[in-house]
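To start, the structure itself, in structure tokens.
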Amino acid sequence: MKIGIFQFFSKFGEKEYNLNRIENVLTHVDADLLVLPELCTTGYQFISRKEVHDLSESIPDGESTRRLMAICRRKKMHIAAGVSERNGDDCYNTSVLLGPEGYIGTYRKIHLFDEEKLWFQPGTEGFQVWDLGPAKVGMMICFDWIFPESARSLALAGADLICHPSNLVLPFCPDAMITRSVENRVFTATANRIGCEARGGKSPLNFTGLSQVTDPSGNRMIQFGSEEEGVKTVRIDVTLARNKHITSRNDLWEDRREELYQETRNKK
Ligand code: ACM
């Protein structure tokens, strides 16, 4: 299976521009699955609830999802991409999974970061895995990385590959995702953005780039620089993620002591 990540600068509020950019770049990409950054059609640093509401869209019939689905149909590829979702009065920081046949599913970000708590409802549906045929795929979004339970939940649900649309501002994630790969023996694909947003007199947000794909042994298969834009692709062998042996005597799932983890937490 050939997967890719697209790292770029999305312009705040300019959905038409961002979608045109995505379309133009993806026209030249050959991959089975491409991961795009978090909130990749709207930008990140909102300054009011009204702004969030106005820029968010219903899924799957909103413009961003429809245009991304058209790319999937034309290119016979899958896309995992961060989109700002509106559902009634509520907005969600969401990732959509789309394929050649259309809409597949959504993940609504569970662990909201900082001001996201002012704008979005946290997701309540948990982590889900979809069987795309060549691979079982799950999604988490950006700050979910700091809760190991996110990647663990996806791995326990059978994910071979974790798609990770991001707008990272803290420096630790690329290294942490190596650990997420090793401790779950999964592939991860983090698609981050680059550039800076400083809106409404707020402190600037500097997005850190360094998008990457990691394998179940913790190798970085590909990585971007911190200011680089473009698409990078790599072939992954999902059978590596289905082998949970660590040594001849250790298996990642068999050796878990779930009953003790709970006990430890409750002890004074
Ligand atoms: C983040 O979760 N976008 C930092």
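In the structure tokens, chains take the letters A, B, ... in the order shown, each chain's residues start at 1, and ligands count up from 1 in the order shown.
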Could the residues of stretch 45-158 of chain A that have an atom at most 8 Å from stretch 190-202 of chain A be listed as a tab-separated table, each with its closest atom pair and the distance in Å to one decimal, counting only C-alpha atoms and ordered by chain and ascending residue number?
residue	atom	partner	partner_atom	distance
A:Gln45	CA	A:Glu197	CA	6.5
A:Phe46	CA	A:Arg199	CA	7.6
A:Ile47	CA	A:Gly200	CA	6.3
**OP:** Considering only C-alpha atoms, return as a ChimeraX atom specification whatever protein or nucleic-acid residues lie within 10 Å of A:Asp215, sequence-local ones (same chain, fewer than 4 positions apart) excluded.
**Re:** /A:160-161,177-178,180-182,185-189,219-222,236-238,240-241
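The environment of A:Gly62 within 10 Å, counting only C-alpha atoms and disregarding residues fewer than 6 places along the same chain, consists of Ser56, Val83, Glu85 and Arg86 of chain A.
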Store the residues picked out above in a file with C-alpha atoms, as a tab-separated table (two decimals), in the first residue's frame.
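Written output follows (part-v6.tsv):
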chain	number	residue	atom	x	y	z
A	56	SER	CA	-17.64	25.13	9.34
A	83	VAL	CA	-12.26	19.68	8.32
A	85	GLU	CA	-17.62	20.43	10.98
A	86	ARG	CA	-20.93	22.11	11.77
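Every residue having at least one atom no farther than 9 Å from ligand 1 is included below, with only C-alpha atoms and all ligand atoms taken into account: A:Glu38, A:Leu39, A:Tyr44, A:Lys109, A:His111, A:Leu112, A:Phe113, A:Asp114, A:Glu116, A:Ile141, A:Cys142, A:Phe143, A:Asp144, A:Trp145, A:Pro165, A:Ser166, A:Asn167, A:Leu168, A:Val169, A:Leu170, A:Phe207.
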Subject >> Coordinates-based distance that separates atom CA of A:Ile162 from atom CA of A:Met139 (Å, one decimal) >> reply: 5.5 Å
Subject >> Distance query stretch 78-81 of chain A at most 7 Å, only C-alpha atoms, self and fewer than 3 positions along chain excluded, as a list in words >> reply: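 That gives Asp32, Leu33, Leu34, Val35, Leu36, Pro37, Glu38, Cys72, Ser95, Val96, Leu97, Leu98, Gly99, Pro100, Cys163 and Pro165 of chain A.
Here the question is which of A:Ile71, A:Cys91, A:Ile146, A:Leu132 gets nearest to A:Asn24 using only C-alpha atoms, and that residue is A:Ile71.
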Original post:
Neighbours of A:Arg73 within 8 Å (only C-alpha atoms; same-chain residues fewer than 2 positions away dropped), as an MDAnalysis selection string?
Top reply: chainID A and resid 69:71 75:77 99:102
Can you list every residue of stretch 41-60 of chain A that has an atom at most 6 Å from stretch 11-22 of chain A, with its nearest atom pair and the distance in Å to one decimal, using only C-alpha atoms, ordered by chain then number, as JSON lines?
{"residue": "A:Thr41", "atom": "CA", "partner": "A:Lys15", "partner_atom": "CA", "distance": 5.0}
{"residue": "A:Thr42", "atom": "CA", "partner": "A:Gly13", "partner_atom": "CA", "distance": 5.0}
{"residue": "A:Gly43", "atom": "CA", "partner": "A:Phe12", "partner_atom": "CA", "distance": 4.2}
**OP:** Extract the full set of helix (DSSP H, G or I) residues from stretch 2-239 of chain A according to DSSP on the backbone, and format it as JSON, numbers by chain.
**Re:** {"A": [15, 16, 17, 18, 19, 20, 21, 22, 23, 24, 25, 26, 49, 50, 51, 52, 53, 54, 55, 63, 64, 65, 66, 67, 68, 69, 70, 71, 72, 73, 74, 75, 116, 117, 118, 119, 142, 143, 144, 145, 146, 148, 149, 150, 151, 152, 153, 154, 155, 156, 173, 174, 175, 176, 177, 178, 179, 180, 181, 182, 183, 184, 239]}
Original post:
How many Å separate atom CA of A:Thr214 from atom CA of A:Ile110?
Top reply: 22.6 Å
Subject >> Per-residue DSSP, stretch 138-192 of chain A, filtered to strand (DSSP E), as a PyMOL selection string >> reply: chain A and resi 138-139+161-165+187-191
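Straight-line separation from atom CA of A:Tyr103 to atom CA of A:Cys173: 28.8 Å.
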Subject >> A:Gly138 surroundings by only C-alpha atoms, 9 Å radius, close-in-sequence under 3 positions cut, as a list in words >> reply: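 In the requested form, the answer reads Tyr107, Phe127, Gln128, Val129, Trp130, Asp131, Ala151, Leu154, Ala155, Ala157, Gly158, Ala159, Asp160, Leu161, Ile162, Cys163 and His164 of chain A.
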Subject >> Surrounding residues of A:Val231 excluding itself and chain neighbours under 6 positions, 7 Å, only C-alpha atoms, as a ChimeraX atom specification >> reply: /A:4-7
